[in-house]
$ cat entry_13.cif   # mmCIF, C-alpha atoms and all ligand atoms
data_target
#
loop_
_atom_site.label_atom_id
_atom_site.label_comp_id
_atom_site.auth_asym_id
_atom_site.auth_seq_id
_atom_site.Cartn_x
_atom_site.Cartn_y
_atom_site.Cartn_z
CA MET N 1 24.07 20.16 -21.39
CA THR N 2 25.79 16.78 -21.05
CA ASN N 3 24.40 13.55 -22.46
CA ASP N 4 24.85 10.37 -20.41
CA ASN N 5 23.72 6.82 -20.71
CA VAL N 6 22.98 4.29 -17.98
CA ASP N 7 21.27 0.90 -17.98
CA ILE N 8 18.40 1.77 -15.62
CA ILE N 9 16.90 5.00 -14.28
CA ILE N 10 14.71 4.84 -11.17
CA ARG N 11 12.71 8.03 -10.52
CA GLY N 12 11.59 8.15 -6.90
CA ALA N 13 13.60 6.62 -4.03
CA GLY N 14 10.48 5.44 -2.21
CA LEU N 15 9.22 1.94 -1.50
CA SER N 16 8.89 0.73 -5.09
CA GLY N 17 12.11 2.31 -6.39
CA ILE N 18 14.25 1.12 -3.48
CA SER N 19 12.62 -2.33 -3.42
CA LEU N 20 13.50 -2.79 -7.09
CA LEU N 21 17.05 -1.60 -6.53
CA LEU N 22 17.52 -3.92 -3.54
CA ALA N 23 16.13 -6.88 -5.48
CA LEU N 24 18.40 -6.09 -8.45
CA ILE N 25 21.52 -5.92 -6.29
CA GLU N 26 20.57 -9.04 -4.31
CA GLN N 27 20.09 -10.92 -7.57
CA GLY N 28 23.49 -9.87 -8.88
CA TYR N 29 22.63 -7.10 -11.33
CA SER N 30 25.83 -5.48 -12.56
CA GLY N 31 24.45 -2.74 -14.85
CA SER N 32 24.56 0.97 -14.03
CA VAL N 33 21.61 2.56 -12.22
CA LEU N 34 20.73 6.22 -11.72
CA VAL N 35 18.33 7.01 -8.84
CA VAL N 36 16.69 10.44 -8.96
CA GLU N 37 14.64 11.63 -5.99
CA LYS N 38 13.06 15.03 -5.49
CA ARG N 39 13.19 14.91 -1.68
CA ALA N 40 16.37 15.44 0.31
CA GLU N 41 15.83 12.15 2.19
CA PRO N 42 13.31 9.30 2.23
CA GLU N 43 9.88 9.71 3.82
CA THR N 44 10.08 7.58 6.99
CA GLN N 45 6.72 8.40 8.65
CA LYS N 46 5.12 5.20 7.38
CA THR N 47 4.35 1.76 8.72
CA TRP N 48 3.80 -1.02 6.19
CA CYS N 49 1.56 -3.92 7.18
CA PHE N 50 0.69 -7.07 5.27
CA TRP N 51 -0.41 -10.64 5.87
CA GLY N 52 1.96 -13.61 5.89
CA GLU N 53 5.58 -13.44 6.96
CA GLU N 54 6.52 -15.95 4.25
CA ASN N 55 5.18 -13.60 1.59
CA LEU N 56 8.17 -11.35 2.17
CA SER N 57 11.54 -12.22 0.64
CA SER N 58 13.76 -13.92 3.21
CA SER N 59 16.31 -11.09 3.08
CA LEU N 60 13.73 -8.59 4.40
CA ARG N 61 12.01 -10.76 7.03
CA HIS N 62 14.31 -9.66 9.82
CA LEU N 63 12.83 -6.15 9.41
CA ILE N 64 9.40 -7.29 10.59
CA LYS N 65 8.87 -5.43 13.84
CA ARG N 66 5.66 -7.05 15.06
CA ARG N 67 3.37 -9.94 14.15
CA TRP N 68 -0.24 -10.37 15.26
CA PHE N 69 -2.21 -13.58 15.05
CA SER N 70 -5.54 -11.97 15.72
CA TRP N 71 -7.51 -9.02 14.35
CA SER N 72 -11.03 -7.68 14.75
CA PHE N 73 -13.80 -5.71 13.05
CA SER N 74 -16.57 -3.82 14.84
CA GLY N 75 -19.54 -1.59 14.17
CA ASP N 76 -23.21 -1.31 15.06
CA GLY N 77 -22.63 -3.01 18.40
CA GLN N 78 -21.25 -6.17 16.74
CA GLU N 79 -17.66 -7.39 16.94
CA TYR N 80 -16.00 -10.10 14.84
CA HIS N 81 -12.64 -11.71 15.58
CA HIS N 82 -10.22 -13.49 13.29
CA CYS N 83 -7.50 -15.71 14.78
CA THR N 84 -4.77 -17.76 13.15
CA GLN N 85 -2.00 -19.92 14.60
CA SER N 86 0.36 -19.66 11.69
CA SER N 87 2.95 -17.04 10.69
CA GLU N 88 1.89 -17.82 7.12
CA HIS N 89 -1.27 -15.77 7.74
CA ALA N 90 -0.18 -13.47 10.57
CA TYR N 91 -0.55 -9.72 10.22
CA CYS N 92 2.99 -8.33 10.05
CA CYS N 93 4.38 -4.86 10.16
CA LEU N 94 7.63 -3.14 9.39
CA GLN N 95 8.57 0.48 9.70
CA ALA N 96 9.76 2.62 6.81
CA GLU N 97 12.76 3.93 8.74
CA ASP N 98 14.05 0.37 9.34
CA PHE N 99 13.50 -0.54 5.69
CA TYR N 100 15.40 2.49 4.35
CA GLN N 101 18.19 2.13 6.90
CA TYR N 102 18.71 -1.50 5.87
CA ALA N 103 18.50 -0.61 2.17
CA PHE N 104 21.00 2.23 2.34
CA GLU N 105 23.44 0.09 4.35
CA LYS N 106 23.26 -2.53 1.60
CA LEU N 107 23.44 -0.10 -1.29
CA LYS N 108 25.84 2.56 -0.08
CA GLY N 109 29.16 2.83 -1.82
CA LEU N 110 28.22 0.55 -4.72
CA PRO N 111 30.05 1.95 -7.76
CA THR N 112 27.27 1.02 -10.19
CA ILE N 113 24.66 3.24 -8.48
CA GLU N 114 24.50 7.02 -8.80
CA TRP N 115 22.21 8.83 -6.33
CA LEU N 116 20.70 12.23 -7.03
CA TRP N 117 18.67 13.51 -4.04
CA ASN N 118 16.86 16.81 -3.92
CA THR N 119 16.71 16.81 -7.69
CA ASP N 120 13.95 17.91 -10.04
CA SER N 121 13.71 15.98 -13.26
CA GLU N 122 11.50 15.74 -16.30
CA LEU N 123 10.57 12.64 -18.28
CA ILE N 124 11.16 13.04 -21.99
CA ASP N 125 8.51 11.62 -24.27
CA THR N 126 10.58 9.60 -26.70
CA VAL N 127 9.10 6.42 -28.06
CA ASP N 128 11.46 3.93 -29.56
CA ALA N 129 9.21 1.18 -30.85
CA ASN N 130 12.00 -1.39 -30.99
CA ALA N 131 13.37 -0.93 -27.51
CA ASN N 132 12.55 0.15 -23.96
CA ASN N 133 14.77 3.22 -24.09
CA VAL N 134 13.85 6.20 -21.92
CA GLU N 135 15.20 9.70 -21.43
CA LEU N 136 15.27 12.05 -18.47
CA ALA N 137 16.13 15.74 -18.33
CA LEU N 138 17.92 17.03 -15.25
CA LYS N 139 19.52 20.36 -14.57
CA GLY N 140 22.18 20.71 -17.28
CA ARG N 141 22.06 17.02 -18.09
CA ARG N 142 20.14 14.61 -20.29
CA VAL N 143 20.31 10.92 -19.36
CA SER N 144 19.09 8.02 -21.45
CA ALA N 145 18.68 4.43 -20.27
CA SER N 146 17.62 1.02 -21.52
CA PHE N 147 14.86 0.90 -18.87
CA GLY N 148 13.11 3.58 -16.82
CA PHE N 149 10.91 3.16 -13.73
CA ASP N 150 8.86 6.09 -12.48
CA SER N 151 7.03 6.09 -9.14
CA ALA N 152 5.99 9.72 -9.55
CA CYS N 153 3.91 9.40 -12.72
CA GLY N 154 0.65 11.26 -13.24
CA ILE N 155 -2.66 9.40 -13.02
CA SER N 156 -5.87 9.86 -14.96
CA LEU N 157 -9.07 9.75 -12.93
CA PRO N 158 -12.37 8.28 -14.11
CA GLU N 159 -15.30 10.62 -14.64
CA GLY N 160 -17.94 10.73 -11.93
CA ASN N 161 -17.65 9.32 -8.44
CA THR N 162 -14.43 7.81 -7.25
CA ILE N 163 -13.35 6.75 -3.77
CA ASN N 164 -10.17 7.83 -2.03
CA GLN N 165 -8.79 6.45 1.18
CA TYR N 166 -7.84 9.23 3.63
CA PHE N 167 -6.07 8.34 6.84
CA VAL N 168 -4.49 10.18 9.74
CA GLY N 169 -2.86 8.18 12.50
CA ALA N 170 -1.35 9.15 15.85
CA TRP N 171 1.38 7.06 17.45
CA VAL N 172 0.50 7.28 21.12
CA LYS N 173 2.20 6.42 24.38
CA THR N 174 -0.26 5.64 27.16
CA SER N 175 -0.24 4.20 30.65
CA PRO N 176 0.37 0.40 30.70
CA GLN N 177 -2.44 -2.01 29.75
CA SER N 178 -4.32 0.52 27.61
CA PHE N 179 -4.21 -1.79 24.58
CA ASN N 180 -4.52 -5.50 23.99
CA ALA N 181 -1.11 -5.91 22.34
CA LYS N 182 -2.11 -9.26 20.86
CA LYS N 183 -4.91 -7.98 18.65
CA VAL N 184 -5.12 -5.44 15.83
CA ALA N 185 -8.39 -3.55 15.54
CA LEU N 186 -8.46 -3.64 11.75
CA MET N 187 -11.75 -1.78 11.37
CA SER N 188 -13.38 -0.62 14.57
CA ASN N 189 -16.41 1.63 15.02
CA MET N 190 -17.39 1.28 11.36
CA THR N 191 -19.98 3.89 10.36
CA ALA N 192 -21.06 5.36 7.02
CA ASP N 193 -23.27 7.90 5.33
CA GLU N 194 -24.11 8.20 1.63
CA SER N 195 -20.62 9.34 0.61
CA CYS N 196 -18.17 8.30 3.31
CA PHE N 197 -17.29 5.13 5.22
CA GLU N 198 -15.28 5.69 8.40
CA PHE N 199 -13.51 3.46 10.90
CA THR N 200 -10.63 3.46 13.35
CA TYR N 201 -7.57 1.26 12.87
CA ILE N 202 -5.54 0.40 15.96
CA LEU N 203 -2.12 -1.19 15.67
CA PRO N 204 -0.89 -1.96 19.21
CA PHE N 205 2.88 -2.42 19.35
CA ASN N 206 2.70 -2.84 23.13
CA SER N 207 0.06 -2.48 25.80
CA ASP N 208 1.15 1.17 26.12
CA TYR N 209 2.17 2.11 22.57
CA ALA N 210 -0.02 2.03 19.47
CA LEU N 211 -1.01 3.65 16.22
CA ILE N 212 -4.58 4.98 16.39
CA GLU N 213 -5.64 5.87 12.89
CA LEU N 214 -8.84 7.47 11.66
CA THR N 215 -9.60 6.18 8.16
CA ARG N 216 -12.19 7.30 5.63
CA PHE N 217 -13.10 5.70 2.31
CA SER N 218 -14.76 8.75 0.86
CA MET N 219 -16.24 10.17 -2.33
CA ARG N 220 -15.98 13.67 -0.80
CA ASP N 221 -12.86 15.80 -0.57
CA GLU N 222 -11.73 15.23 3.01
CA SER N 223 -9.46 17.62 4.86
CA LEU N 224 -6.52 15.86 6.53
CA ALA N 225 -6.30 18.78 9.00
CA ASP N 226 -9.92 18.20 10.09
CA MET N 227 -9.26 14.47 10.27
CA GLN N 228 -6.24 15.12 12.49
CA SER N 229 -8.48 17.03 14.94
CA ALA N 230 -11.03 14.21 14.82
CA CYS N 231 -8.25 11.68 15.45
CA GLU N 232 -7.04 13.74 18.42
CA ASP N 233 -10.58 13.60 19.82
CA ILE N 234 -10.53 9.79 19.53
CA VAL N 235 -7.10 9.63 21.19
CA ASN N 236 -8.25 11.88 24.03
CA SER N 237 -11.69 10.30 24.41
CA GLY N 238 -10.63 8.59 27.62
CA ASP N 239 -10.85 5.12 26.02
CA TYR N 240 -7.05 4.85 26.24
CA GLY N 241 -6.70 6.39 29.70
CA ASN N 242 -5.95 9.99 30.63
CA ASP N 243 -2.21 9.76 30.22
CA VAL N 244 -1.98 9.81 26.43
CA VAL N 245 0.96 11.46 24.67
CA ILE N 246 1.03 11.72 20.88
CA LYS N 247 4.56 10.88 19.71
CA LYS N 248 4.21 11.29 15.94
CA TRP N 249 1.70 11.33 13.10
CA GLU N 250 1.42 9.40 9.87
CA LYS N 251 -1.07 10.24 7.16
CA GLY N 252 -1.90 9.80 3.51
CA VAL N 253 -4.42 9.72 0.70
CA LEU N 254 -4.59 6.70 -1.58
CA PRO N 255 -6.77 6.16 -4.67
CA MET N 256 -9.30 3.32 -4.41
CA ASP N 257 -10.40 2.70 -7.96
CA THR N 258 -9.46 0.07 -10.51
CA ARG N 259 -10.35 2.56 -13.27
CA ILE N 260 -7.50 4.92 -12.39
CA ALA N 261 -4.79 4.66 -15.01
CA PRO N 262 -1.18 5.79 -14.81
CA VAL N 263 -0.26 8.35 -17.45
CA LYS N 264 2.58 6.76 -19.36
CA VAL N 265 5.29 8.97 -20.89
CA GLY N 266 7.28 7.32 -23.68
CA ASN N 267 8.65 3.95 -22.56
CA TRP N 268 8.73 4.90 -18.89
CA ASN N 269 7.25 2.20 -16.65
CA CYS N 270 4.91 3.58 -14.00
CA ILE N 271 5.51 1.78 -10.71
CA GLY N 272 4.31 1.74 -7.11
CA ALA N 273 1.05 3.15 -5.81
CA ARG N 274 0.72 5.44 -8.83
CA GLY N 275 1.54 2.58 -11.20
CA SER N 276 -1.50 0.40 -10.39
CA MET N 277 0.31 -1.66 -7.75
CA ILE N 278 -2.20 -0.76 -5.09
CA ARG N 279 -5.06 -3.08 -4.18
CA ALA N 280 -7.97 -0.76 -5.00
CA SER N 281 -10.39 -2.18 -2.43
CA SER N 282 -8.00 -1.88 0.51
CA GLY N 283 -5.13 0.51 -0.26
CA TYR N 284 -2.55 -2.20 0.52
CA ALA N 285 0.42 -2.07 -1.86
CA PHE N 286 3.44 -3.22 0.12
CA LEU N 287 3.41 -6.92 -0.82
CA THR N 288 2.42 -6.31 -4.43
CA ILE N 289 5.39 -3.96 -4.75
CA GLN N 290 7.72 -6.55 -3.18
CA ARG N 291 6.55 -9.31 -5.53
CA TRP N 292 6.80 -7.05 -8.56
CA ALA N 293 10.33 -5.96 -7.54
CA GLN N 294 11.49 -9.59 -7.21
CA LYS N 295 9.99 -10.62 -10.57
CA THR N 296 11.26 -7.56 -12.42
CA ALA N 297 14.76 -7.95 -11.01
CA GLN N 298 14.73 -11.62 -11.98
CA SER N 299 13.84 -10.95 -15.61
CA LEU N 300 16.26 -8.02 -15.88
CA CYS N 301 19.10 -10.07 -14.39
CA SER N 302 18.47 -13.23 -16.39
CA GLU N 303 17.23 -11.90 -19.75
CA ASN N 304 17.73 -8.14 -19.63
CA LYS N 305 14.04 -7.64 -20.31
CA LEU N 306 10.90 -6.73 -18.40
CA SER N 307 8.55 -9.24 -16.83
CA LEU N 308 5.17 -9.08 -18.56
CA ALA N 309 3.20 -10.32 -15.54
CA LYS N 310 0.65 -7.83 -14.21
CA PRO N 311 1.43 -6.77 -10.61
CA ILE N 312 -2.18 -7.53 -9.59
CA SER N 313 -3.93 -10.46 -11.22
CA PRO N 314 -7.02 -9.50 -13.29
CA ILE N 315 -9.31 -11.64 -11.11
CA TYR N 316 -8.59 -9.44 -8.06
CA SER N 317 -8.97 -6.29 -10.15
CA ALA N 318 -12.36 -7.55 -11.38
CA LEU N 319 -13.53 -8.44 -7.86
CA ASP N 320 -12.27 -5.12 -6.48
CA PHE N 321 -14.01 -3.27 -9.32
CA LEU N 322 -17.35 -4.85 -8.48
CA PHE N 323 -16.91 -4.37 -4.72
CA LEU N 324 -16.04 -0.68 -5.17
CA LYS N 325 -18.91 -0.20 -7.60
CA VAL N 326 -21.28 -1.50 -4.92
CA MET N 327 -19.70 0.94 -2.44
CA ARG N 328 -19.96 3.88 -4.85
CA LYS N 329 -23.64 3.10 -5.44
CA ASN N 330 -24.46 2.64 -1.78
CA MET N 331 -21.70 3.87 0.52
CA ALA N 332 -23.95 3.55 3.58
CA LEU N 333 -23.89 -0.22 3.02
CA SER N 334 -20.10 -0.41 3.56
CA PRO N 335 -20.18 -1.43 7.25
CA THR N 336 -22.51 -4.30 6.30
CA LEU N 337 -20.18 -5.42 3.50
CA PHE N 338 -17.08 -5.50 5.69
CA SER N 339 -18.97 -7.02 8.65
CA SER N 340 -20.36 -9.77 6.39
CA MET N 341 -16.87 -10.57 5.18
CA ALA N 342 -15.52 -10.57 8.76
CA LYS N 343 -18.37 -12.73 10.03
CA ASN N 344 -18.60 -15.31 7.24
CA VAL N 345 -14.97 -15.76 6.22
CA ASN N 346 -12.26 -17.11 8.49
CA ALA N 347 -8.84 -15.58 9.17
CA VAL N 348 -6.95 -17.85 6.78
CA VAL N 349 -9.27 -17.24 3.82
CA PHE N 350 -9.30 -13.52 4.57
CA ALA N 351 -5.48 -13.34 4.75
CA ARG N 352 -5.11 -15.30 1.52
CA PHE N 353 -7.61 -13.03 -0.23
CA MET N 354 -5.85 -9.89 0.99
CA THR N 355 -2.51 -11.17 -0.32
CA GLU N 356 -3.82 -12.39 -3.68
CA LYS N 357 -3.26 -16.02 -2.75
CA ALA N 358 -6.88 -17.09 -2.52
CA THR N 359 -7.85 -20.52 -3.82
CA PHE N 360 -10.91 -20.96 -6.04
CA SER N 361 -12.95 -22.06 -3.04
CA ASP N 362 -11.69 -19.06 -1.00
CA VAL N 363 -13.00 -16.74 -3.72
CA LEU N 364 -16.34 -18.57 -3.72
CA SER N 365 -16.65 -18.23 0.04
CA ILE N 366 -15.87 -14.49 -0.17
CA ILE N 367 -18.56 -14.08 -2.84
CA LYS N 368 -21.02 -16.13 -0.76
CA ALA N 369 -20.26 -13.98 2.30
CA MET N 370 -21.56 -10.86 0.57
CA PRO N 371 -25.20 -9.72 0.50
CA ILE N 372 -26.32 -10.84 -2.97
CA ARG N 373 -28.75 -8.08 -4.07
CA PRO N 374 -26.44 -5.06 -4.23
CA PHE N 375 -23.88 -7.07 -6.17
CA VAL N 376 -26.38 -8.34 -8.74
CA LYS N 377 -27.71 -4.80 -9.08
CA ALA N 378 -24.19 -3.39 -9.53
CA LEU N 379 -23.41 -6.05 -12.13
CA PHE N 380 -26.38 -5.13 -14.28
CA THR N 381 -26.77 -1.38 -13.84
CA PRO N 382 -24.52 1.26 -15.40
CA GLU N 383 -22.83 3.91 -13.31
CA HIS N 384 -23.67 7.59 -13.76
C1 LIG I 401 1.31 6.63 5.59
C2 LIG I 401 1.11 5.45 4.67
C3 LIG I 401 0.98 4.18 5.22
C4 LIG I 401 0.80 3.07 4.37
N1 LIG I 401 0.66 1.84 4.94
C5 LIG I 401 0.54 0.76 4.15
C6 LIG I 401 0.45 -0.54 4.73
O1 LIG I 401 0.39 -0.69 5.95
N2 LIG I 401 0.40 -1.61 3.90
C7 LIG I 401 0.43 -1.47 2.54
O2 LIG I 401 0.40 -2.48 1.84
N3 LIG I 401 0.48 -0.25 1.97
C8 LIG I 401 0.54 0.86 2.73
N4 LIG I 401 0.60 2.10 2.15
C9 LIG I 401 0.49 2.19 0.67
C10 LIG I 401 1.83 1.97 -0.07
O3 LIG I 401 2.45 0.78 0.34
C11 LIG I 401 2.78 3.13 0.15
O4 LIG I 401 2.16 4.30 -0.30
C12 LIG I 401 4.12 2.97 -0.57
O5 LIG I 401 5.01 3.90 -0.03
C13 LIG I 401 4.00 3.15 -2.07
O6 LIG I 401 5.27 3.10 -2.64
P1 LIG I 401 5.66 4.03 -3.87
O7 LIG I 401 7.03 3.70 -4.26
O8 LIG I 401 4.59 3.98 -4.88
O9 LIG I 401 5.57 5.51 -3.28
P2 LIG I 401 6.55 6.23 -2.28
O10 LIG I 401 7.06 5.28 -1.27
O11 LIG I 401 5.80 7.43 -1.81
O12 LIG I 401 7.76 6.68 -3.21
C14 LIG I 401 7.63 7.62 -4.25
C15 LIG I 401 8.88 8.47 -4.23
O13 LIG I 401 8.89 9.29 -5.39
C16 LIG I 401 9.36 10.56 -5.00
N5 LIG I 401 8.95 11.53 -6.00
C17 LIG I 401 7.74 12.11 -6.16
N6 LIG I 401 7.77 12.96 -7.21
C18 LIG I 401 9.02 12.90 -7.72
C19 LIG I 401 9.66 13.53 -8.82
N7 LIG I 401 9.01 14.39 -9.60
N8 LIG I 401 10.94 13.22 -9.07
C20 LIG I 401 11.61 12.35 -8.29
N9 LIG I 401 11.06 11.72 -7.23
C21 LIG I 401 9.77 11.99 -6.96
C22 LIG I 401 8.74 10.77 -3.63
O14 LIG I 401 9.40 11.80 -2.92
C23 LIG I 401 8.93 9.39 -3.02
O15 LIG I 401 10.17 9.27 -2.37
C24 LIG I 401 0.75 3.23 2.96
C25 LIG I 401 0.85 4.52 2.44
C26 LIG I 401 1.02 5.62 3.27
C27 LIG I 401 1.09 6.99 2.65
#
$ encode --input "entry_13.cif" --output "structure tokens"
Amino acid sequence: MTNDNVDIIIRGAGLSGISLLLALIEQGYSGSVLVVEKRAEPETQKTWCFWGEENLSSSLRHLIKRRWFSWSFSGDGQEYHHCTQSSEHAYCCLQAEDFYQYAFEKLKGLPTIEWLWNTDSELIDTVDANANNVELALKGRRVSASFGFDSACGISLPEGNTINQYFVGAWVKTSPQSFNAKKVALMSNMTADESCFEFTYILPFNSDYALIELTRFSMRDESLADMQSACEDIVNSGDYGNDVVIKKWEKGVLPMDTRIAPVKVGNWNCIGARGSMIRASSGYAFLTIQRWAQKTAQSLCSENKLSLAKPISPIYSALDFLFLKVMRKNMALSPTLFSSMAKNVNAVVFARFMTEKATFSDVLSIIKAMPIRPFVKALFTPEH
């Protein structure tokens, strides 16, 4: 067993780990970093979307593959459209494979970074009250560091009902003009029963190439295999012509609950989707992770300490908590909640709210857009 010491250990070479590393290097960090990843290579079957080009650091903006200035919601025979003129509120998307390719180009060969792929590791529970020190056990090696970031931490679930977001998406090639390439169908065909809210998300890259994704916010255990069959049925329904070829799939399960807590081991910092950087009411985490990475790199580079700012401001956590409590109490109401938001709030307010940049009056208009009774009831009744 050898004992080593580095300045920073990053466990998990996914979005949060690599975003932090990129931000550190871009901001001139000169300490030593060990990256430990259990996979042999990064997971590239992901597309990350967010609102507002300017919300992304300028060094990553060239990776944005598509921007849309219009998105829609539909269900129960009603359709609502949001349009914006400005890139500040546009819906943007970048692909994981482009992100990782750019990152590895930037980071490869740097003498201060050691990469361990395909490597199992174990966090060691050492608490040093006066410092941030962490320890990691690897095969035949024990490494300590001044700071440790773990995107693979365990999470503790609340008792009783909790909602997960399940999604299975097919990237499809169709005959030309099958999609309106200028508009994202953010939530189409919204339906719900007492434990599951379902909709289809359509991200059209071109008029003949799009992601068609079946999404469920559900309190049941959903089977991704069954959802894949259901998604295939949607793809082959004839709505997108008869010439549809599925090119690839992307899928996932994300927790939607502000009460989920990361399980902290020693001084390890839980990061990413498992480290409470996910917006509970939507499952969006990309921008939060980018902002956190920039801030953390800044404080490590300038003061060699961690930023104390919470990745998601408590006001959004409180609003998301109440919104999700209403959903848990009355899941069948979900299409009404999202339709009310779509109908009564404009694109700019919606985009600012989704990116945690809402003004006080934006927040008021979101609250006003909601049906009042279920929220008052949720505020004053306990959950079983
Ligand atoms: C298919 C998909 C699409 C998404 N789309 C969006 C979107 O459009 N917009 C948005 O805002 N958010 C989106 N999200 C949510 C979120 O942005 C992503 O989940 C994001 O990848 C989270 O980053 P992360 O670093 O927490 O996790 P990951 O990117 O998954 O990285 C975690 C890494 O840790 C590694 N790991 C796991 N266990 C260990 C271990 N024991 N030791 C070492 N390494 C380990 C994993 O292999 C992985 O590489 C999406 C999620 C998924 C799954």
$ closest_atom_pairs --input "entry_13.cif" --of "stretch 121-216 of chain N" --to "stretch 228-231 of chain N" --cutoff "8 Å" --atoms "only C-alpha atoms" --output "tab-separated table"
residue	atom	partner	partner_atom	distance
N:Val168	CA	N:Gln228	CA	5.9
N:Gly169	CA	N:Cys231	CA	7.1
N:Ala170	CA	N:Cys231	CA	7.4
N:Ile212	CA	N:Cys231	CA	7.7
N:Glu213	CA	N:Cys231	CA	6.9
N:Leu214	CA	N:Cys231	CA	5.7
$ closest_residue --input "entry_13.cif" --among "N:Ile367, N:Ile25, N:Val6, N:Ile18" --to "ligand LIG 401 (chain I)" --atoms "all atoms listed in the file"
N:Ile18
$ residues_near_ligand --input "entry_13.cif" --ligand "ligand LIG 401 (chain I)" --cutoff "8 Å" --atoms "only C-alpha atoms and all ligand atoms" --output "PyMOL selection string"
chain N and resi 11-18+36-39+41-43+45-50+93+119-122+150-153+167-168+250-254+271-275+277-278+283-289
$ atom_distance --input "entry_13.cif" --atom1 "atom CA of N:Lys139" --atom2 "atom CA of N:Glu114"
15.4 Å
$ residues_around --input "entry_13.cif" --residues "N:Ile372" --least-positions-apart "4" --cutoff "12 Å" --atoms "only C-alpha atoms" --output "VMD selection string"
chain N and resid 323 326 336 to 337 340 366 to 368 376 to 379
$ closest_residue --input "entry_13.cif" --among "N:Glu303, N:Asp221, N:Glu26, N:Glu198" --to "N:Leu107" --atoms "all atoms listed in the file"
N:Glu26
$ closest_residue --input "entry_13.cif" --among "N:Leu322, N:Ala261, N:Ala347, N:Phe99" --to "N:Pro382" --atoms "all atoms listed in the file"
N:Leu322
$ atom_distance --input "entry_13.cif" --atom1 "atom CA of N:Gly154" --atom2 "atom CA of N:Ile260"
10.4 Å
$ closest_residue --input "entry_13.cif" --among "N:Ser70, N:Thr174, N:Ser156, N:Thr126" --to "N:Ile246" --atoms "all atoms listed in the file"
N:Thr174
$ atom_distance --input "entry_13.cif" --atom1 "atom CA of N:Ala351" --atom2 "atom CA of N:Glu79"
18.2 Å
$ closest_residue --input "entry_13.cif" --among "N:Gln290, N:Ser207, N:Thr359, N:Asn330" --to "N:Arg61" --atoms "only C-alpha atoms"
N:Gln290
$ closest_residue --input "entry_13.cif" --among "N:Phe73, N:Val349, N:Leu300, N:Asp98" --to "N:Ala185" --atoms "all atoms listed in the file"
N:Phe73
